[in-house]
Each structure stands twice: as structure tokens, then as C-alpha cells.
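Data first, discussion second: the structure below is written as C-alpha cells.
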Amino acid sequence: MNPKNHLGVCIKYLLGVSLSITIVLSASAQQRPNWQNQDLEKDSVFGISTDKAYAGLLKNKTPHAVVVAVIDAGIDTAHEDLKSILWVNLHKVNGDNGTYGWSYIGSAKGNVRYDNLELTREVRRYQQQDTAKLPPGDLVTYRAEKVELLTKRRQAESTIVGIGNFRTILEEITRKLGKSVPTLADFKDYQPQNDNEAYVKNVVVNALSQNDDYAGFVREQIAAATEHFKAQVDYQLNLAYDPRAIVGDNYADDGQRAYGSPDNNGPDPTHGTHVAGIIAALRNNGLGINGVADHAQVLAIRAVPEGDERDKDIANAIRYAADHGAKVINMSFGKPLSPYKKAVDDAVAYALKKDVLLVQAAGNDDKDIDSAGNFPNRKLANGKEAGAWIVVGASGIKDDSTLKAPFSNYGKTAVDVFAPGVQIYSTVPGSKYAYFDGTSMACPVVAGLAALIREYYPKLTAQQVKDIILQSVVKVNHLVLLDKKKVPFTELCRTGGIVNAYNALELASKYTKQ
């Protein structure tokens, strides 16, 4: 899951249209800080009732610190709302001398920011062999993956052209308006001179109707989308690009452990910083936001570049987390291919033996992951299933047919629960804050809830915490939109509901009395 997938507004290609571009607006126009912690009955938003739990069930109770590992692109360790909740390595040794954790995508040579998609790496791996001598099954796979790679690259290139055309027309309209920073009212009054101008006007009016900030629209949607697709062409889908020399490991040895860097920030820790804040940003300190868990310590592990994470790095990140006391691991990432799945599965089994709960984002492609590939996953190569593993879809703010976030993956058996993942306000680098969308945001809501339960009920096992979270959801008893049809929420996940902190903590108290 590319870290850039958190964009609240995404720009997608649409081939065959003169502008080659379609702009899809976010599901929610509302920006309401902390809504994920609020209560449906009291606040009329479908949060998880965290604030209600603190005010009632947890009042005058003493928590225990719980370590939550955030495997991501990095964390801004100097952020005003995070620096005091970071896990600190008190036992540094040679090869493990990171202050706040470790990075598996860097070395003394520098940091990996961009990497290929796994699809690109697989095509390159085949091409490094004599393809004429490939076994028939491998040859079929290679040819199909090569076609897919070339198709994705052409689409990304076409999209860049389309966005450029869109921007050119937008700049021409702005010139005609005679204002460097036009408003919603200016665009509403503008009379288009052709179909392309009419299309651009409609898109901009829809966008500015949600937030009348033209400069922000250009920066956060047009420019960000250009950067996103340019990164696909230059790095993610580029067979000639391979940054692994920066790391300096023996990549063919998936059992290698000793490599990496103590740099937990990396070149762009935006995604990981946002995730960490949702979990554990200091509560009620007069700054920014309130995290879900009030005594969580965040262990920062860099293993997710802008592109697809590598199985070897994820396996080592999971082992590092388990070895350094993490009781919850947040995994806001995923990909459709996993060539070294066994290495990850072995690491998962290792973490489960250490009583770790793994929480994973379902993904942002609006796909049914009961059938579509999504890795890592709880189905282990040995035929067993990881028990203490939760997969999270993203829900919206309103308790109506739009409750499922339009981008969120789903799965009647592959996804366990949904949690708030639309317009989530959290920490970003430079002691700043921003709204992001994504299952990447829903996942840490649940990871924070798991940490909160383990803080106040430390004798509960990882499996018991999972069971409590799943058994205490607020059931959704109305139909929701899926592919322009309305379906029961039970078609989207195992539980048919949204996680709830108040219910979970109330149930946890009963577990401890059994």
C-alpha cells in the first residue's frame, strides 16, 4: 500500500476522454477533529466512543504502558505531540543502536524513499534469467506480469498528460477570471467557452464547495497527483530502477537479520507520523489531537517505502517488534504479490508465540480481498491461520448508506471489522496536523484500541483482545453502498460492524472476572 494512498482526494486516469482525467472527491466534506473518538448517540458521528470510555469506564483506573510497533515509512520523532510517547531503546548494542527503533530500508549510505512495485521486481527477476528456458508455468506468469506492468506504466504516463491538460485549462480559466486566487463564487459565475472548460469548472466547483481554498486544491490535489503518478513512472514501474544497493544487504538471503540503519525518520515520515498520532498522541495536553491509547509507547520501524514494501524487510520488522516488547503491531500497508511469503509467515508465527496482536489495513482499492490478493495476510503458507490478527476496513462519519468509505477494500471473511478512516485529523511532520483518508488511518484506530485494552487489562492475551474487539462491535443494521448497489454490512466483514472502545472495555472487564 503506497503511503501516498492516504490522499483525501484522489485523481484517477480515465482513458478515452480528451482530458484523460477524472477527479474523485472525498466521501466526506466535513472536517471534524477527533470524530473517530466520539460517540454515535452523543455526538451524531460514528466514532468508536473512546472519549465516553475515558469519562466513565476508565475514570480513576491505573493503566500500564504498552508498546505498539508502527511499521511504516518513518515517524517524526521531534513532533510536539509524539516525542514524549516514543519507545526508547535503553539497551543499545552493536547492530541495534537505534534510539526509537530501527530502519530496514536504509544504511550509512542513505535511505530508500522510492522503490518498485512488487510486480516490477518480479518481472525484473524473470528477465535476469534465460526466459526461453523458464518452466511453462513461470513463462505464462512472466508474460502476464510483463503485460500488466507495461499497461500500468502507460496508464500512469497518460494520466500525467491528462493532469497537465487539466492544469493548463484551469490556468487559462484563472487568467480569464483575472484573479491569482479565485474563489468558489468566481468559478460558479464563469461561463465556459467549450466542453473541456465546462468539465474543469464542474470539477473545481465540486472541490471548492467542500473547501473554498483554490491554492490548497491545486497543491493537494493537482500537484500531489502529478507527483504520485510521476513516482510510478520514474520508480515504481521502472525496470531500470533498483534502490536496494543503498541498503547493502544480501537481498537473496531472506534469513538475514543484521542490516539497516538507526534512522527512524527517513526522508518522508508523513504517513507513519499520522498513523502514530492516531494511536497514541498525548491526550488533553492542549496540542493537536487525542490519540486512542493514553499510555502507549510507539516503537518506530521503517520498512515501507513509496512503492511496495519488501517481504524480507517486513519479516525482520515484525521480529524486531516482537523482540523489543511490542504487544501490538500496526501494519498500514499491503500489496497484491508476495514472492517470499514464507519469510513473513515465519516472522508472524514468531510474533504470535510472543503474544503479539497484529493489526492490518485492508487496502484502498475498493476490492473484495476474499478473492483479490492482499499481502501480508493471516493465511499462512503451512495451511494454518494466524489467530491474533485483525484486518480493518475504513468507515465514514455518517451512519447511513455511505458508511463504507468508497475506497476501502472489503471481504466477508478476509476483513474482520471497520473503523473510522475518512477525514481523520492527526500529526504530520514539523509539529503540524492534517486530515487524511485511508484504511491506513482506520488500522491505527483499532491498534490504538487494542493497546488501550492491554493497558487496563494487561493479563488478557493477544487472542482474547482480538476476540473482545470483534465481539463488541456496533452492528450496522442498515444497507450500505457497494458498487452502486446497497448490501448488508455483513457482506463487507466478518463482524458486520464498527469497533467500539466503550463496548470493548466493558467486555474486557467481564473477561477478567471469569
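Each chain in the C-alpha cells gets a letter, A, B and so on, in the order shown; residues start at 1 in every chain, and ligands are counted from 1 in the order they appear.
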Would you list, as a PDB file with C-alpha atoms, in the first residue's frame, the residues of stretch 411-476 of chain A that end up in strand (DSSP E) under DSSP run on this structure's backbone?
```pdb
ATOM      1  CA  VAL A 417     -14.086  -5.050  11.308  1.00  0.00           C
ATOM      2  CA  PHE A 418     -14.411  -1.483  10.079  1.00  0.00           C
ATOM      3  CA  ALA A 419     -13.188   1.649  11.870  1.00  0.00           C
ATOM      4  CA  PRO A 420     -13.131   5.405  11.146  1.00  0.00           C
ATOM      5  CA  ILE A 424      -9.002  11.663  10.165  1.00  0.00           C
ATOM      6  CA  TYR A 425      -7.062  14.536  11.736  1.00  0.00           C
ATOM      7  CA  SER A 426      -3.641  13.608  13.068  1.00  0.00           C
ATOM      8  CA  THR A 427       0.008  14.501  13.368  1.00  0.00           C
ATOM      9  CA  VAL A 428       2.295  15.210  10.394  1.00  0.00           C
ATOM     10  CA  LYS A 432       1.768  20.077  12.241  1.00  0.00           C
ATOM     11  CA  TYR A 433      -1.566  18.315  11.699  1.00  0.00           C
ATOM     12  CA  ALA A 434      -3.598  17.253   8.682  1.00  0.00           C
ATOM     13  CA  TYR A 435      -6.678  15.331   7.547  1.00  0.00           C
ATOM     14  CA  PHE A 436      -6.067  12.060   5.696  1.00  0.00           C
ATOM     15  CA  VAL A 474     -21.604  -1.827  16.960  1.00  0.00           C
ATOM     16  CA  LYS A 475     -23.576  -3.799  14.398  1.00  0.00           C
TER      17      LYS A 475
END
```
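Note that DSSP on the backbone gives helix (DSSP H, G or I) to these residues of stretch 442-486 of chain A: Ala442, Cys443, Pro444, Val445, Val446, Ala447, Gly448, Leu449, Ala450, Ala451, Leu452, Ile453, Arg454, Glu455, Tyr456, Ala462, Gln463, Gln464, Val465, Lys466, Asp467, Ile468, Ile469, Leu470 and Gln471 of chain A.
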Dump N, CA and C atoms for the selected residues as a PDB file, in the first residue's frame?
```
ATOM      1  N   ALA A 442      -7.718   3.895   9.484  1.00  0.00           N
ATOM      2  CA  ALA A 442      -8.625   3.031  10.250  1.00  0.00           C
ATOM      3  C   ALA A 442      -7.843   1.995  11.049  1.00  0.00           C
ATOM      4  N   CYS A 443      -6.766   1.486  10.465  1.00  0.00           N
ATOM      5  CA  CYS A 443      -5.953   0.461  11.119  1.00  0.00           C
ATOM      6  C   CYS A 443      -5.403   0.930  12.473  1.00  0.00           C
ATOM      7  N   PRO A 444      -4.782   2.121  12.569  1.00  0.00           N
ATOM      8  CA  PRO A 444      -4.293   2.556  13.877  1.00  0.00           C
ATOM      9  C   PRO A 444      -5.388   2.887  14.883  1.00  0.00           C
ATOM     10  N   VAL A 445      -6.608   3.173  14.429  1.00  0.00           N
ATOM     11  CA  VAL A 445      -7.712   3.319  15.372  1.00  0.00           C
ATOM     12  C   VAL A 445      -7.888   2.003  16.129  1.00  0.00           C
ATOM     13  N   VAL A 446      -7.833   0.894  15.398  1.00  0.00           N
ATOM     14  CA  VAL A 446      -8.007  -0.416  16.021  1.00  0.00           C
ATOM     15  C   VAL A 446      -6.748  -0.822  16.799  1.00  0.00           C
ATOM     16  N   ALA A 447      -5.575  -0.510  16.268  1.00  0.00           N
ATOM     17  CA  ALA A 447      -4.339  -0.797  17.005  1.00  0.00           C
ATOM     18  C   ALA A 447      -4.317  -0.022  18.320  1.00  0.00           C
ATOM     19  N   GLY A 448      -4.784   1.232  18.265  1.00  0.00           N
ATOM     20  CA  GLY A 448      -4.870   2.023  19.495  1.00  0.00           C
ATOM     21  C   GLY A 448      -5.856   1.429  20.477  1.00  0.00           C
ATOM     22  N   LEU A 449      -6.981   0.937  19.973  1.00  0.00           N
ATOM     23  CA  LEU A 449      -7.966   0.296  20.840  1.00  0.00           C
ATOM     24  C   LEU A 449      -7.379  -0.962  21.478  1.00  0.00           C
ATOM     25  N   ALA A 450      -6.662  -1.765  20.696  1.00  0.00           N
ATOM     26  CA  ALA A 450      -6.027  -2.971  21.246  1.00  0.00           C
ATOM     27  C   ALA A 450      -5.037  -2.599  22.346  1.00  0.00           C
ATOM     28  N   ALA A 451      -4.260  -1.549  22.109  1.00  0.00           N
ATOM     29  CA  ALA A 451      -3.310  -1.092  23.128  1.00  0.00           C
ATOM     30  C   ALA A 451      -4.039  -0.615  24.380  1.00  0.00           C
ATOM     31  N   LEU A 452      -5.142   0.101  24.178  1.00  0.00           N
ATOM     32  CA  LEU A 452      -5.918   0.619  25.308  1.00  0.00           C
ATOM     33  C   LEU A 452      -6.436  -0.528  26.185  1.00  0.00           C
ATOM     34  N   ILE A 453      -6.927  -1.570  25.552  1.00  0.00           N
ATOM     35  CA  ILE A 453      -7.414  -2.727  26.311  1.00  0.00           C
ATOM     36  C   ILE A 453      -6.268  -3.370  27.086  1.00  0.00           C
ATOM     37  N   ARG A 454      -5.127  -3.502  26.448  1.00  0.00           N
ATOM     38  CA  ARG A 454      -3.992  -4.161  27.109  1.00  0.00           C
ATOM     39  C   ARG A 454      -3.374  -3.280  28.203  1.00  0.00           C
ATOM     40  N   GLU A 455      -3.555  -1.961  28.083  1.00  0.00           N
ATOM     41  CA  GLU A 455      -3.098  -1.059  29.149  1.00  0.00           C
ATOM     42  C   GLU A 455      -3.861  -1.300  30.452  1.00  0.00           C
ATOM     43  N   TYR A 456      -5.160  -1.444  30.339  1.00  0.00           N
ATOM     44  CA  TYR A 456      -6.009  -1.519  31.528  1.00  0.00           C
ATOM     45  C   TYR A 456      -6.315  -2.962  31.947  1.00  0.00           C
ATOM     46  N   ALA A 462      -3.234 -11.757  23.555  1.00  0.00           N
ATOM     47  CA  ALA A 462      -3.490 -11.123  22.259  1.00  0.00           C
ATOM     48  C   ALA A 462      -4.753 -11.679  21.621  1.00  0.00           C
ATOM     49  N   GLN A 463      -4.945 -12.987  21.699  1.00  0.00           N
ATOM     50  CA  GLN A 463      -6.129 -13.606  21.117  1.00  0.00           C
ATOM     51  C   GLN A 463      -7.399 -13.139  21.826  1.00  0.00           C
ATOM     52  N   GLN A 464      -7.340 -13.009  23.143  1.00  0.00           N
ATOM     53  CA  GLN A 464      -8.505 -12.533  23.890  1.00  0.00           C
ATOM     54  C   GLN A 464      -8.841 -11.090  23.521  1.00  0.00           C
ATOM     55  N   VAL A 465      -7.812 -10.264  23.340  1.00  0.00           N
ATOM     56  CA  VAL A 465      -8.040  -8.870  22.949  1.00  0.00           C
ATOM     57  C   VAL A 465      -8.704  -8.817  21.582  1.00  0.00           C
ATOM     58  N   LYS A 466      -8.223  -9.639  20.654  1.00  0.00           N
ATOM     59  CA  LYS A 466      -8.872  -9.698  19.337  1.00  0.00           C
ATOM     60  C   LYS A 466     -10.339 -10.096  19.481  1.00  0.00           C
ATOM     61  N   ASP A 467     -10.591 -11.163  20.241  1.00  0.00           N
ATOM     62  CA  ASP A 467     -11.966 -11.638  20.409  1.00  0.00           C
ATOM     63  C   ASP A 467     -12.860 -10.552  20.996  1.00  0.00           C
ATOM     64  N   ILE A 468     -12.337  -9.823  21.963  1.00  0.00           N
ATOM     65  CA  ILE A 468     -13.108  -8.749  22.596  1.00  0.00           C
ATOM     66  C   ILE A 468     -13.454  -7.661  21.587  1.00  0.00           C
ATOM     67  N   ILE A 469     -12.472  -7.260  20.784  1.00  0.00           N
ATOM     68  CA  ILE A 469     -12.712  -6.206  19.788  1.00  0.00           C
ATOM     69  C   ILE A 469     -13.769  -6.647  18.781  1.00  0.00           C
ATOM     70  N   LEU A 470     -13.689  -7.885  18.345  1.00  0.00           N
ATOM     71  CA  LEU A 470     -14.650  -8.374  17.345  1.00  0.00           C
ATOM     72  C   LEU A 470     -16.037  -8.592  17.939  1.00  0.00           C
ATOM     73  N   GLN A 471     -16.108  -9.054  19.182  1.00  0.00           N
ATOM     74  CA  GLN A 471     -17.401  -9.336  19.801  1.00  0.00           C
ATOM     75  C   GLN A 471     -18.134  -8.074  20.247  1.00  0.00           C
TER      76      GLN A 471
END
```
Quick one: residues within 10 Å of A:Asp346, only C-alpha atoms, excluding same-chain residues fewer than 3 positions away - as a count of residues only?
13
Could you give me, as a Markdown table, every stretch 48-163 of chain A residue with an atom at most 9 Å from stretch 238-246 of chain A, plus its closest atom pair and distance in Å to one decimal, counting only C-alpha atoms, rows ordered by chain then number?
```
| residue | atom | partner | partner_atom | distance |
| --- | --- | --- | --- | --- |
| A:Ile105 | CA | A:Ile246 | CA | 8.1 |
| A:Gly106 | CA | A:Ile246 | CA | 6.5 |
| A:Ser107 | CA | A:Ile246 | CA | 6.6 |
| A:Ala108 | CA | A:Ile246 | CA | 8.4 |
| A:Lys109 | CA | A:Ile246 | CA | 5.8 |
| A:Gly110 | CA | A:Ile246 | CA | 6.3 |
| A:Asn111 | CA | A:Ile246 | CA | 6.8 |
| A:Val112 | CA | A:Pro243 | CA | 6.6 |
| A:Arg113 | CA | A:Pro243 | CA | 8.8 |
| A:Tyr114 | CA | A:Pro243 | CA | 7.6 |
| A:Asp115 | CA | A:Pro243 | CA | 6.5 |
| A:Asn116 | CA | A:Asn238 | CA | 7.0 |
| A:Leu117 | CA | A:Asn238 | CA | 8.9 |
| A:Thr120 | CA | A:Leu239 | CA | 6.1 |
| A:Arg121 | CA | A:Leu239 | CA | 7.4 |
| A:Val123 | CA | A:Leu239 | CA | 7.9 |
| A:Arg124 | CA | A:Leu239 | CA | 6.2 |
| A:Arg153 | CA | A:Asn238 | CA | 8.2 |
```
For A:Asn477, work out the shell of residues within 9 Å, counting only C-alpha atoms and skipping chain neighbours fewer than 5 positions away, then give it as a VMD selection string.
chain A and resid 488 to 489 496 to 497
Rounded to one decimal place, report the atom CA of A:Asp51-atom CA of A:Ile279 distance in Å.
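Taking atom CA of A:Asp51 and atom CA of A:Ile279, their separation equals 13.8 Å.
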Pick from A:Ser408, A:Asn194, A:Thr159, A:Asn503, whichever lies nearest to A:Lys367 using only C-alpha atoms
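Closest to A:Lys367, using only C-alpha atoms: A:Ser408.
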